[in-house]
>>> print(open('model34.cif').read())   # mmCIF, C-alpha atoms
data_data
loop_
_atom_site.label_atom_id
_atom_site.label_comp_id
_atom_site.auth_asym_id
_atom_site.auth_seq_id
_atom_site.Cartn_x
_atom_site.Cartn_y
_atom_site.Cartn_z
CA ALA A 1 7.16 2.56 79.79
CA GLN A 2 6.10 5.01 77.13
CA SER A 3 2.58 5.70 75.97
CA VAL A 4 0.73 8.13 73.74
CA THR A 5 -2.82 9.37 74.08
CA GLN A 6 -4.57 11.17 71.27
CA LEU A 7 -7.69 12.96 72.42
CA GLY A 8 -10.51 12.54 69.94
CA SER A 9 -10.60 9.72 67.45
CA HIS A 10 -12.43 12.00 65.00
CA VAL A 11 -12.09 15.75 64.49
CA SER A 12 -14.14 17.74 62.01
CA VAL A 13 -13.32 21.28 60.91
CA SER A 14 -14.48 23.59 58.17
CA GLU A 15 -12.16 24.49 55.34
CA GLY A 16 -10.12 27.53 56.40
CA ALA A 17 -10.60 26.89 60.11
CA LEU A 18 -7.93 26.14 62.67
CA VAL A 19 -6.83 22.53 63.00
CA LEU A 20 -5.91 21.32 66.49
CA LEU A 21 -5.10 17.68 67.11
CA ARG A 22 -4.20 16.81 70.68
CA CYS A 23 -1.48 14.47 71.84
CA ASN A 24 -0.22 13.69 75.32
CA TYR A 25 2.62 11.34 76.04
CA SER A 26 4.13 9.51 78.96
CA SER A 27 7.83 8.83 79.13
CA SER A 28 10.32 8.30 81.92
CA VAL A 29 13.18 9.63 79.78
CA PRO A 30 13.42 12.54 77.35
CA PRO A 31 11.32 11.56 74.38
CA TYR A 32 11.54 12.08 70.70
CA LEU A 33 8.12 13.05 69.39
CA PHE A 34 6.62 12.73 65.95
CA TRP A 35 3.48 13.40 64.00
CA TYR A 36 2.73 11.23 60.98
CA VAL A 37 -0.06 11.48 58.43
CA GLN A 38 -1.65 8.52 56.69
CA TYR A 39 -3.83 8.81 53.63
CA PRO A 40 -6.19 5.93 52.78
CA ASN A 41 -4.41 2.72 51.84
CA GLN A 42 -1.02 4.34 52.07
CA GLY A 43 1.95 4.27 54.42
CA LEU A 44 2.90 6.88 56.98
CA GLN A 45 4.44 10.18 56.02
CA LEU A 46 6.41 12.18 58.55
CA LEU A 47 4.88 15.60 59.18
CA LEU A 48 7.29 16.85 61.80
CA LYS A 49 9.49 15.78 64.67
CA TYR A 50 10.86 17.04 67.95
CA THR A 51 14.22 15.75 69.10
CA THR A 52 16.00 18.51 71.02
CA GLY A 53 16.25 22.28 70.92
CA ALA A 54 13.43 24.58 69.90
CA THR A 55 10.12 23.41 71.31
CA LEU A 56 8.05 24.79 68.45
CA VAL A 57 8.67 22.69 65.39
CA LYS A 58 7.42 23.34 61.90
CA GLY A 59 6.63 20.61 59.47
CA ILE A 60 5.36 20.10 55.99
CA ASN A 61 2.05 21.35 54.60
CA GLY A 62 1.86 24.24 57.07
CA PHE A 63 1.62 22.09 60.20
CA GLU A 64 3.44 22.83 63.41
CA ALA A 65 3.58 21.39 66.91
CA GLU A 66 4.81 22.60 70.27
CA PHE A 67 6.54 20.39 72.81
CA LYS A 68 5.38 21.31 76.31
CA LYS A 69 7.28 19.29 78.85
CA SER A 70 5.29 20.58 81.82
CA GLU A 71 2.07 19.43 80.19
CA THR A 72 3.58 16.34 78.53
CA SER A 73 1.88 17.46 75.34
CA PHE A 74 2.74 17.73 71.69
CA HIS A 75 -0.36 19.13 70.01
CA LEU A 76 -0.49 19.54 66.23
CA THR A 77 -1.88 22.71 64.70
CA LYS A 78 -2.48 24.31 61.34
CA PRO A 79 -3.93 27.82 61.04
CA SER A 80 -6.16 27.10 58.05
CA ALA A 81 -7.46 23.70 57.04
CA HIS A 82 -7.49 22.60 53.44
CA MET A 83 -9.59 19.84 51.95
CA SER A 84 -6.42 17.90 51.18
CA ASP A 85 -5.63 17.73 54.92
CA ALA A 86 -8.35 15.13 55.42
CA ALA A 87 -6.48 12.04 56.59
CA GLU A 88 -5.52 10.03 59.67
CA TYR A 89 -2.92 11.59 61.95
CA PHE A 90 -0.73 9.68 64.36
CA CYS A 91 1.29 11.03 67.23
CA ALA A 92 4.26 8.88 68.24
CA VAL A 93 6.98 8.77 70.87
CA SER A 94 10.39 7.13 70.64
CA VAL A 95 12.99 6.66 73.31
CA ASP A 96 16.52 5.42 73.05
CA THR A 97 16.74 1.92 74.43
CA GLY A 98 19.74 0.95 72.39
CA GLY A 99 17.63 1.45 69.33
CA PHE A 100 14.39 3.33 68.93
CA LYS A 101 11.08 1.58 69.40
CA THR A 102 8.25 3.87 68.37
CA ILE A 103 4.97 3.87 70.25
CA PHE A 104 2.00 5.22 68.32
CA GLY A 105 -1.21 6.78 69.47
CA ALA A 106 -4.48 5.36 68.24
CA GLY A 107 -4.83 8.07 65.63
CA THR A 108 -7.17 10.96 64.92
CA ARG A 109 -9.14 11.07 61.73
CA LEU A 110 -9.47 14.62 60.44
CA PHE A 111 -12.50 15.55 58.36
CA VAL A 112 -12.55 18.85 56.47
CA LYS A 113 -15.91 20.27 55.46
CA ALA A 114 -16.33 22.54 52.47
CA ASN B 1 17.43 7.04 46.47
CA ALA B 2 14.50 4.70 46.62
CA GLY B 3 12.43 4.64 49.75
CA VAL B 4 11.46 1.65 51.82
CA MET B 5 9.94 -1.00 49.62
CA GLN B 6 7.49 -3.65 50.66
CA ASN B 7 6.04 -6.48 48.68
CA PRO B 8 3.57 -7.67 48.00
CA ARG B 9 1.31 -4.67 48.55
CA HIS B 10 -1.70 -6.92 48.92
CA LEU B 11 -1.70 -10.56 49.98
CA VAL B 12 -4.64 -12.91 50.27
CA ARG B 13 -4.30 -16.17 52.13
CA ARG B 14 -6.70 -18.85 53.30
CA ARG B 15 -6.72 -19.94 56.90
CA GLY B 16 -3.84 -22.28 57.63
CA GLN B 17 -1.58 -21.04 54.85
CA GLU B 18 1.69 -19.19 55.31
CA ALA B 19 2.23 -15.51 54.61
CA ARG B 20 5.62 -14.02 53.77
CA LEU B 21 6.01 -10.28 53.78
CA ARG B 22 9.16 -8.65 52.43
CA CYS B 23 10.77 -5.35 53.26
CA SER B 24 13.75 -3.73 51.56
CA PRO B 25 15.04 -0.83 53.66
CA MET B 26 16.30 2.40 52.25
CA LYS B 27 19.79 2.26 50.82
CA GLY B 28 22.34 2.52 53.59
CA HIS B 29 19.85 1.62 56.33
CA SER B 30 20.71 -1.40 58.44
CA HIS B 31 17.89 -1.22 60.98
CA VAL B 32 14.41 -2.51 60.26
CA TYR B 33 11.21 -2.31 62.29
CA TRP B 34 7.92 -4.10 61.69
CA TYR B 35 4.55 -2.75 62.81
CA ARG B 36 1.02 -4.07 62.52
CA GLN B 37 -2.05 -1.93 62.04
CA LEU B 38 -5.39 -3.51 62.71
CA PRO B 39 -8.48 -1.87 61.17
CA GLU B 40 -9.34 1.43 62.85
CA GLU B 41 -6.32 1.21 65.14
CA GLY B 42 -2.87 2.70 65.39
CA LEU B 43 0.36 0.94 64.61
CA LYS B 44 1.67 -1.60 67.09
CA PHE B 45 5.37 -2.38 67.31
CA MET B 46 6.25 -5.97 66.54
CA VAL B 47 9.99 -6.40 66.10
CA TYR B 48 13.24 -4.52 65.60
CA LEU B 49 16.08 -6.09 63.64
CA GLN B 50 19.55 -5.30 62.52
CA LYS B 51 21.39 -7.31 59.93
CA GLU B 52 21.38 -10.94 61.12
CA ASN B 53 20.18 -9.97 64.60
CA ILE B 54 16.84 -9.60 66.34
CA ILE B 55 17.23 -6.71 68.77
CA ASP B 56 13.74 -6.43 70.24
CA GLU B 57 10.85 -8.80 69.55
CA SER B 58 8.71 -7.80 72.49
CA GLY B 59 5.73 -7.05 70.25
CA MET B 60 5.72 -10.32 68.36
CA PRO B 61 3.04 -12.90 69.11
CA LYS B 62 4.63 -15.89 70.78
CA GLU B 63 3.49 -18.38 68.17
CA ARG B 64 3.33 -18.52 64.38
CA PHE B 65 5.18 -15.23 63.80
CA SER B 66 8.87 -14.89 63.00
CA ALA B 67 11.13 -12.30 61.43
CA GLU B 68 14.57 -12.22 59.94
CA PHE B 69 16.90 -9.74 58.31
CA PRO B 70 19.68 -11.67 56.59
CA LYS B 71 23.04 -10.32 55.61
CA GLU B 72 21.89 -10.18 52.02
CA GLY B 73 18.38 -9.53 50.84
CA PRO B 74 15.22 -8.11 52.35
CA SER B 75 13.80 -8.51 55.80
CA ILE B 76 11.08 -11.15 55.97
CA LEU B 77 8.09 -11.27 58.30
CA ARG B 78 6.66 -14.78 58.24
CA ILE B 79 3.28 -15.79 59.57
CA GLN B 80 2.57 -19.49 59.69
CA GLN B 81 -0.91 -21.04 59.73
CA VAL B 82 -2.64 -17.71 59.33
CA VAL B 83 -5.97 -17.04 61.01
CA ARG B 84 -8.59 -14.38 60.25
CA GLY B 85 -7.33 -12.26 63.12
CA ASP B 86 -4.03 -11.83 61.29
CA SER B 87 -5.78 -9.70 58.68
CA ALA B 88 -4.13 -6.30 58.97
CA ALA B 89 -1.74 -3.89 57.33
CA TYR B 90 1.88 -4.65 58.09
CA PHE B 91 4.32 -1.78 57.85
CA CYS B 92 8.06 -1.88 57.70
CA ALA B 93 10.27 1.05 58.65
CA SER B 94 14.00 1.56 58.43
CA SER B 95 16.64 3.79 59.94
CA PRO B 96 20.33 4.17 59.20
CA ASP B 97 21.57 3.30 62.68
CA SER B 98 20.55 2.99 66.31
CA ARG B 99 21.26 6.65 67.05
CA ARG B 100 18.49 8.04 64.88
CA ALA B 101 14.95 8.16 66.18
CA GLU B 102 13.36 8.97 62.83
CA GLN B 103 12.11 5.99 60.90
CA PHE B 104 11.12 5.89 57.25
CA PHE B 105 8.04 3.86 56.47
CA GLY B 106 7.18 1.68 53.56
CA PRO B 107 3.73 1.61 51.91
CA GLY B 108 2.68 -1.49 53.80
CA THR B 109 1.40 -4.95 52.94
CA ARG B 110 -2.29 -5.51 53.40
CA LEU B 111 -2.93 -9.10 54.41
CA THR B 112 -6.38 -10.55 54.07
CA VAL B 113 -7.10 -13.98 55.48
CA LEU B 114 -10.17 -15.67 54.05
#
>>> encode(input="model34.cif", output="structure tokens")
Amino acid sequence: AQSVTQLGSHVSVSEGALVLLRCNYSSSVPPYLFWYVQYPNQGLQLLLKYTTGATLVKGINGFEAEFKKSETSFHLTKPSAHMSDAAEYFCAVSVDTGGFKTIFGAGTRLFVKA
Amino acid sequence: NAGVMQNPRHLVRRRGQEARLRCSPMKGHSHVYWYRQLPEEGLKFMVYLQKENIIDESGMPKERFSAEFPKEGPSILRIQQVVRGDSAAYFCASSPDSRRAEQFFGPGTRLTVL
């Protein structure tokens, strides 16, 4: 079975500081990994994804994540936080079971201080 | 190309009534997934459908909940005899086929049960 653990339900950073949101996964087969962002009362927007190939993936809005198989991690980073980054972030894992069922982490709410 | 559409965006029901949530996938997408998000929680998988077929309903409550995706028209998530615990945001996602892990999410339907 697959699972996703996001460390820290709330993360607070100052504007301009590094953003690091942690995600660890469990999967018995090679996973596909995603980060989504959710703004209040809105749906989920895909930030980035890892399927195969390069382990460092770049996404929208300056975010990137690195797939580390040995650590079963897929942490999300951004060098410099912006006020508009304040939102809820979800890490997710999908595996091919004849279709893809996506398992989400509980989410990390990012606060950005001026 | 319009994205995934869900309606209504907000739905209020009294206990015991029925709720019908609709999802129109992206054009060309024949796979639909439903997820539920309870307040302050991540998304939980409910059901995966293809046209006229339920592929995986392992996340659906055993009673009162049903889903369909007919040959023509939107996918419907139906909740009979709603209770207060059904209050949540329900998200639909679509993908073009079973070989793609990436899912595209709709804006969600927020159900409130009085």
>>> interface_residues(input="model34.cif", of="chain A", to="chain B", cutoff="7 Å", atoms="all atoms listed in the file", output="PDB file with C-alpha atoms, in the frame of the given file")
ATOM      1  CA  TYR A  32      11.540  12.080  70.700  1.00  0.00           C
ATOM      2  CA  GLN A  42      -1.020   4.340  52.070  1.00  0.00           C
ATOM      3  CA  GLY A  43       1.950   4.270  54.420  1.00  0.00           C
ATOM      4  CA  LEU A  44       2.900   6.880  56.980  1.00  0.00           C
ATOM      5  CA  SER A  94      10.390   7.130  70.640  1.00  0.00           C
ATOM      6  CA  GLY A  98      19.740   0.950  72.390  1.00  0.00           C
ATOM      7  CA  GLY A  99      17.630   1.450  69.330  1.00  0.00           C
ATOM      8  CA  PHE A 100      14.390   3.330  68.930  1.00  0.00           C
ATOM      9  CA  THR A 102       8.250   3.870  68.370  1.00  0.00           C
ATOM     10  CA  ILE A 103       4.970   3.870  70.250  1.00  0.00           C
ATOM     11  CA  PHE A 104       2.000   5.220  68.320  1.00  0.00           C
ATOM     12  CA  GLY A 105      -1.210   6.780  69.470  1.00  0.00           C
ATOM     13  CA  ALA A 106      -4.480   5.360  68.240  1.00  0.00           C
ATOM     14  CA  GLY A 107      -4.830   8.070  65.630  1.00  0.00           C
TER      15      GLY A 107
END
>>> resolve_selection(input="model34.cif", expression="the PyMOL selection byres ((chain B and resi 8) around 8)", output="list in words")
Gln6, Asn7, Arg9, His10, Leu11, Leu21, Arg22 and Thr109 of chain B
>>> resolve_selection(input="model34.cif", expression="the PyMOL selection byres ((chain B and resi 12-14) around 9)", output="list of chain:residue names")
B:His10, B:Leu11, B:Arg15, B:Gly16, B:Gln17, B:Glu18, B:Ala19, B:Gln81, B:Val82, B:Val83, B:Arg84, B:Arg110, B:Leu111, B:Thr112, B:Val113, B:Leu114
>>> resolve_selection(input="model34.cif", expression="the PyMOL selection byres ((chain A and resi 60) around 12)", output="list in words")
Trp35, Tyr36, Val37, Gln45, Leu46, Leu47, Leu48, Lys49, Val57, Lys58, Gly59, Asn61, Gly62, Phe63, Glu64, Ala65, Leu76, Thr77, Lys78 and Asp85 of chain A
>>> closest_residue(input="model34.cif", among="B:Val32, B:Glu52, B:Ser94, B:Ser87", to="Lys71 in chain B", atoms="all atoms listed in the file")
B:Glu52
>>> residues_near_point(input="model34.cif", point="(2.5, 17.2, 78.5)", cutoff="10 Å", atoms="all atoms listed in the file", output="PyMOL selection string")
chain A and resi 23-27+67-75
>>> residues_around(input="model34.cif", residues="Ser66 in chain B", least_positions_apart="5", cutoff="8 Å", atoms="all atoms listed in the file", output="ChimeraX atom specification")
/B:60,77-79
>>> atom_distance(input="model34.cif", atom1="CA of Pro30 in chain A", atom2="CA of Gln2 in chain A")
10.5 Å
